[in-house]
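What's in my_file_36.txt: compact mmCIF, C-alpha atoms
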```txt
# COMPACT_ATOMS: atom_id res chain seq x y z
CA MET A 260 81.12 87.46 224.92
CA HIS A 261 81.17 85.80 221.50
CA TYR A 262 82.39 87.93 218.60
CA ILE A 263 82.23 86.93 214.92
CA MET A 264 84.26 88.33 212.01
CA ALA A 265 84.90 87.16 208.45
CA ASP A 266 86.73 88.01 205.22
CA ILE A 267 89.50 90.25 206.50
CA HIS A 268 91.53 89.58 203.33
CA GLY A 269 94.91 90.83 204.46
CA GLU A 270 93.74 94.13 205.97
CA TYR A 271 95.73 93.85 209.18
CA ASP A 272 95.18 97.50 210.14
CA ARG A 273 91.40 97.04 210.11
CA TYR A 274 91.75 93.77 212.04
CA GLN A 275 93.76 95.47 214.78
CA ALA A 276 91.39 98.43 214.80
CA MET A 277 88.48 96.05 215.34
CA LEU A 278 90.26 94.35 218.23
CA ASP A 279 90.89 97.79 219.74
CA LYS A 280 87.20 98.56 219.39
CA ILE A 281 85.75 95.35 220.87
CA GLN A 282 88.61 94.80 223.35
CA PRO A 283 88.12 91.06 223.89
CA ASN A 284 89.51 89.66 227.11
CA MET A 285 90.62 86.09 227.81
CA THR A 286 87.11 85.02 228.83
CA ASP A 287 85.66 86.18 225.50
CA ASN A 288 85.67 84.09 222.33
CA VAL A 289 86.44 85.51 218.89
CA TYR A 290 85.42 83.46 215.84
CA ILE A 291 86.79 84.30 212.41
CA ILE A 292 84.92 82.47 209.68
CA GLY A 293 87.34 82.34 206.80
CA ASP A 294 89.31 84.33 204.24
CA ILE A 295 91.88 86.13 206.32
CA ILE A 296 94.38 85.97 203.44
CA ASP A 297 94.84 87.24 199.85
CA ARG A 298 94.12 90.50 197.99
CA LYS A 299 95.72 92.84 200.55
CA PRO A 300 99.27 92.46 201.95
CA ASP A 301 99.06 91.13 205.51
CA GLY A 302 97.00 87.93 205.57
CA ILE A 303 99.85 85.84 206.94
CA LYS A 304 100.43 88.43 209.67
CA ILE A 305 96.76 88.08 210.63
CA ALA A 306 97.04 84.27 210.62
CA GLN A 307 100.05 84.35 212.94
CA ASP A 308 98.25 86.66 215.34
CA ILE A 309 95.20 84.37 215.47
CA MET A 310 97.43 81.34 216.01
CA ARG A 311 98.92 82.96 219.12
CA ARG A 312 95.57 83.58 220.80
CA ARG A 313 93.95 80.72 222.73
CA ASN A 314 90.48 82.24 222.70
CA PHE A 315 90.42 82.91 218.93
CA HIS A 316 88.77 80.26 216.76
CA PHE A 317 89.31 80.01 213.03
CA ILE A 318 87.03 78.43 210.41
CA LYS A 319 88.63 78.03 207.00
CA GLY A 320 87.37 79.76 203.87
CA ASN A 321 87.86 79.11 200.19
CA HIS A 322 91.05 81.20 200.11
CA GLU A 323 92.73 79.13 202.82
CA LEU A 324 91.62 75.98 200.99
CA MET A 325 93.14 77.23 197.72
CA CYS A 326 96.38 78.08 199.52
CA VAL A 327 96.66 74.58 200.99
CA ASN A 328 95.75 72.88 197.72
CA ASP A 329 98.49 74.77 195.92
CA ILE A 330 101.44 75.03 198.28
CA LEU A 331 100.94 71.97 200.48
CA TYR A 332 99.30 69.49 198.09
CA HIS A 333 100.48 70.81 194.69
CA GLU A 334 97.14 69.94 193.14
CA PRO A 335 96.90 70.36 189.35
CA GLU A 336 95.52 73.79 188.40
CA ALA A 337 95.41 74.91 192.05
CA LYS A 338 98.05 77.60 191.52
CA ALA A 339 96.16 79.13 188.57
CA ILE A 340 92.81 79.11 190.39
CA TRP A 341 94.34 80.69 193.48
CA HIS A 342 96.14 83.29 191.38
CA MET A 343 92.85 84.35 189.79
CA ASN A 344 91.52 84.93 193.31
CA GLY A 345 94.26 87.27 194.54
CA SER A 346 96.94 84.94 195.91
CA GLY A 347 99.92 87.22 195.20
CA PRO A 348 100.49 88.86 198.60
CA THR A 349 99.94 85.60 200.49
CA ARG A 350 102.18 83.52 198.26
CA ARG A 351 105.00 86.07 198.49
CA ALA A 352 104.70 86.25 202.28
CA LEU A 353 104.76 82.47 202.64
CA MET A 354 107.59 81.83 200.22
CA TYR A 355 109.88 84.78 201.02
CA LYS A 356 109.00 86.12 204.47
CA THR A 357 108.62 82.92 206.50
CA ASN A 358 111.10 80.14 207.10
CA PRO A 359 110.18 76.53 206.20
CA ALA A 360 109.05 75.67 209.74
CA GLU A 361 106.85 78.75 210.02
CA ARG A 362 105.42 78.11 206.55
CA MET A 363 104.49 74.54 207.40
CA GLU A 364 102.92 75.61 210.71
CA ILE A 365 100.69 78.12 208.90
CA LEU A 366 99.73 75.67 206.16
CA LYS A 367 98.80 73.03 208.74
CA PHE A 368 96.78 75.63 210.63
CA PHE A 369 94.79 76.33 207.47
CA ARG A 370 94.50 72.64 206.60
CA ASP A 371 93.32 71.53 210.05
CA ALA A 372 90.88 74.37 210.67
CA PRO A 373 87.24 73.23 210.71
CA ASP A 374 84.98 74.27 207.84
CA HIS A 375 81.96 74.92 210.07
CA MET A 376 81.07 75.13 213.76
CA THR A 377 77.96 75.27 215.92
CA ILE A 378 78.05 77.29 219.13
CA ARG A 379 75.34 78.06 221.68
CA VAL A 380 74.95 81.54 223.12
CA ASN A 381 72.19 82.40 225.60
CA GLY A 382 70.29 79.24 224.65
CA GLN A 383 70.42 79.96 220.91
CA ASP A 384 72.40 77.82 218.45
CA PHE A 385 74.48 79.59 215.81
CA TYR A 386 75.88 77.72 212.81
CA LEU A 387 79.07 79.39 211.61
CA VAL A 388 80.32 78.66 208.09
CA HIS A 389 82.26 80.58 205.48
CA GLY A 390 80.09 80.00 202.42
CA TRP A 391 76.95 78.00 203.15
CA PRO A 392 76.01 74.73 204.91
CA GLY A 393 76.65 71.77 202.62
CA HIS A 394 77.68 68.13 202.37
CA THR A 395 81.37 68.71 201.55
CA THR A 396 84.11 71.16 202.47
CA TYR A 397 84.00 72.49 198.91
CA ASP A 398 80.29 73.24 199.26
CA ARG A 399 80.75 74.87 202.66
CA VAL A 400 83.50 77.25 201.55
CA TRP A 401 82.41 78.04 197.96
CA THR A 402 78.58 78.17 197.86
CA ARG A 403 77.01 81.62 197.55
CA PRO A 404 73.38 82.07 198.66
CA GLU A 405 70.67 84.30 197.29
CA PRO A 406 69.01 86.79 199.68
CA ASP A 407 65.73 84.83 199.76
CA TRP A 408 67.20 81.43 200.59
CA PRO A 409 65.46 79.85 203.61
CA ALA A 410 67.22 78.93 206.82
CA PRO A 411 69.37 75.87 206.08
CA ILE A 412 69.77 74.59 209.65
CA GLU A 413 66.71 73.91 211.76
CA ASN A 414 66.63 75.72 215.11
CA ALA A 415 69.91 77.53 214.43
CA ILE A 416 70.86 80.94 213.09
CA THR A 417 73.32 80.57 210.21
CA ILE A 418 76.08 83.17 209.96
CA ILE A 419 78.14 83.35 206.78
CA GLY A 420 80.96 85.30 205.18
CA HIS A 421 82.22 84.78 201.60
CA THR A 422 79.43 86.59 199.75
CA CYS A 423 79.83 90.33 200.13
CA VAL A 424 76.60 92.01 201.13
CA TYR A 425 76.85 94.08 197.95
CA PHE A 426 75.91 90.94 196.02
CA LEU A 427 73.02 90.36 198.41
CA GLY A 428 71.37 93.64 197.53
CA GLN A 429 73.31 96.36 199.38
CA ASN A 430 74.08 98.67 196.47
CA SER A 431 72.73 101.99 197.73
CA GLY A 432 76.13 103.70 197.76
CA LYS A 433 76.35 103.67 201.56
CA PRO A 434 79.10 101.85 203.53
CA PHE A 435 78.37 98.14 203.69
CA GLN A 436 76.76 96.72 206.82
CA ILE A 437 75.90 93.29 208.16
CA GLY A 438 72.92 91.85 206.32
CA HIS A 439 70.03 90.20 208.15
CA TYR A 440 68.10 88.00 205.71
CA PRO A 441 65.15 85.65 206.30
CA GLY A 442 67.37 82.57 206.50
CA PHE A 443 70.81 83.83 207.54
CA ILE A 444 73.09 86.67 208.63
CA ALA A 445 75.86 87.77 206.23
CA ILE A 446 78.89 89.59 207.65
CA ASP A 447 81.26 90.00 204.66
CA CYS A 448 81.33 93.77 204.26
CA GLY A 449 83.91 93.93 201.51
CA CYS A 450 87.40 93.92 203.03
CA GLY A 451 90.02 93.33 200.38
CA ASN A 452 87.94 94.94 197.65
CA ASN A 453 88.85 98.24 196.04
CA THR A 454 85.88 100.27 197.16
CA ASP A 455 85.60 103.04 199.74
CA LEU A 456 82.36 101.42 200.90
CA ARG A 457 84.17 98.41 202.34
CA ARG A 458 84.35 97.83 206.08
CA LEU A 459 85.38 95.10 208.47
CA ALA A 460 82.30 94.03 210.41
CA CYS A 461 81.94 92.19 213.70
CA ILE A 462 78.82 91.00 215.51
CA CYS A 463 78.53 90.11 219.19
CA LEU A 464 76.18 87.15 219.54
CA ASP A 465 75.42 87.85 223.19
CA THR A 466 73.90 91.26 222.43
CA MET A 467 73.65 91.26 218.59
CA GLN A 468 75.54 94.56 218.66
CA GLU A 469 77.40 95.34 215.44
CA PHE A 470 80.84 96.94 215.12
CA TYR A 471 82.53 98.43 212.07
CA VAL A 472 85.98 99.78 211.16
```
Now that the file is in, can you turn its structure into structure tokens?
Amino acid sequence: MHYIMADIHGEYDRYQAMLDKIQPNMTDNVYIIGDIIDRKPDGIKIAQDIMRRRNFHFIKGNHELMCVNDILYHEPEAKAIWHMNGSGPTRRALMYKTNPAERMEILKFFRDAPDHMTIRVNGQDFYLVHGWPGHTTYDRVWTRPEPDWPAPIENAITIIGHTCVYFLGQNSGKPFQIGHYPGFIAIDCGCGNNTDLRRLACICLDTMQEFYV
């Protein structure tokens, strides 16, 4: 089986609850398409868990990119930009709850993670990316689509995180759910945000079954 999640944003309890629900075994593959850190407390704990699992595959998001640009590369203005996007819990965990070797291992994990991936399931290609297909890493982790955007990759189904489905039209007051649009599937259901409507979503590409916690 091939399971896809995105935008956990430090909610380790929901992450573990999702794993309990889908119960992946070592022959399954779990893909997490960015933004495991920031906003809520336990993003680094999630990262370390993913790093230990051989059948888990991580695609970086804009939050991992901001983290690397600040702490690893010390880019001008990177700290301020990251701070505006909820860096506090992640920065504290990296600087005060990990030793230098652990910190560097995590930063390299974020740095070296791909920014997109194509996988084939049951003869169908799926293009996995955090933000939107583009020409640069910046484009792929930061771009936000509109609901009516056409399919960007020919003969593939594009699956994105990054843009919460609320901003793609789900504002009915019901708990957020995976959005199926003409050109893509959006799976960011609001983790890390301060709303009772938020959920962590997961989709199984073999069956297209959806899971929520």
Here's a test: counting only C-alpha atoms, identify every protein, DNA and RNA residue with an atom at most 9 Å from (69.2, 89.8, 195.7) in the file's coordinate frame, and state them as a ChimeraX atom specification.
/A:405-407,426-429
List every protein, DNA or RNA residue with an atom no more than 12 Å from (75.2, 75.9, 220.5) in the file's coordinates, counting only C-alpha atoms, and format the result as a VMD selection string.
chain A and resid 261 376 to 387 414 to 417 464
Any idea what's packed within 6 Å of Ala372 in chain A, counting only C-alpha atoms, ignoring anything in its chain fewer than 3 positions away? Could you give it as a PyMOL selection string?
chain A and resi 318-319+369
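The protein and nucleic acid residues lying at most 12 Å from Lys433 in chain A are Val424, Tyr425, Gly428, Cys448, Thr454, Asp455, Leu456, Arg457 and Arg458 of chain A, with only C-alpha atoms considered and sequence neighbours fewer than 5 positions away removed.
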Using only C-alpha atoms, please write the residues we just selected to a file, as a short mmCIF file (atom, residue, chain, number, x, y, z; two decimals), in the coordinates of the input.
```cif
data_model
loop_
_atom_site.label_atom_id
_atom_site.label_comp_id
_atom_site.auth_asym_id
_atom_site.auth_seq_id
_atom_site.Cartn_x
_atom_site.Cartn_y
_atom_site.Cartn_z
CA VAL A 424 76.60 92.01 201.13
CA TYR A 425 76.85 94.08 197.95
CA GLY A 428 71.37 93.64 197.53
CA CYS A 448 81.33 93.77 204.26
CA THR A 454 85.88 100.27 197.16
CA ASP A 455 85.60 103.04 199.74
CA LEU A 456 82.36 101.42 200.90
CA ARG A 457 84.17 98.41 202.34
CA ARG A 458 84.35 97.83 206.08
#
```
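Distances to Pro373 in chain A were evaluated for A:His342, A:Lys280, A:Arg399, A:Arg312 using only C-alpha atoms, and the minimum falls at A:Arg399.
Nearest to Asp308 in chain A of all the residues A:Ile263, A:Arg370, A:Phe443, A:Tyr271 is A:Tyr271, counting all atoms listed in the file.
In this model, the gap between CA of Gly320 in chain A and CA of Leu353 in chain A comes to 17.6 Å.
Here CA of Gly390 in chain A stands at a distance of 7.1 Å from CA of Thr422 in chain A.
Taking CA of Phe315 in chain A and CA of Asp447 in chain A as the two end points, the separation is 18.4 Å.
Here the question is which of A:Met363, A:Met310, A:Ile305, A:Ile296 gets nearest to Trp341 in chain A using all atoms listed in the file, and that residue is A:Ile296.
Closest approach to Ile437 in chain A from the set A:Gln468, A:Ser346, A:Asn358, A:Thr402 is made by A:Gln468, with distances taken over all atoms listed in the file.
Closest to Asp371 in chain A among A:His421, A:His333, A:Arg351, A:His316 is A:His316, based on all atoms listed in the file.
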Taking 3 positions as the minimum chain separation for residues in the same chain, which residues sit within 9 Å of Asn344 in chain A when counting all atoms listed in the file? Answer as a list of chain:residue names.
A:Asp297, A:Arg298, A:His322, A:Ala339, A:Ile340, A:Trp341, A:Gly347
If you count only C-alpha atoms, which residues fall within 10 Å of Asn284 in chain A, apart from same-chain ones fewer than 5 positions away, as a compact mmCIF listing (two decimals) with C-alpha atoms, in the frame of the given file?
```
# COMPACT_ATOMS: atom_id res chain seq x y z
CA MET A 260 81.12 87.46 224.92
CA VAL A 289 86.44 85.51 218.89
CA ASN A 314 90.48 82.24 222.70
```
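Ranking A:Asp329, A:Glu270, A:Glu364, A:Asp374 by their shortest atom-to-atom distance to Gly293 in chain A, with all atoms listed in the file included, puts A:Asp374 first.
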Can you tell me which residues surround Gln275 in chain A at a distance of at most 12 Å, considering all atoms listed in the file, apart from same-chain residues fewer than 3 positions away, and format the answer as a PyMOL selection string?
chain A and resi 267+269-272+278-283+301+304-305+308-309+459+471-472
Determine the axis-aligned bounding box of all atoms of range 352-358 of chain A present in the file, pad each side by 5 Å, and express its centre and edge lengths in Å to one decimal place as AutoDock Vina command-line options.
```
--center_x 107.9 --center_y 83.2 --center_z 203.7 --size_x 16.4 --size_y 16.1 --size_z 16.9
```
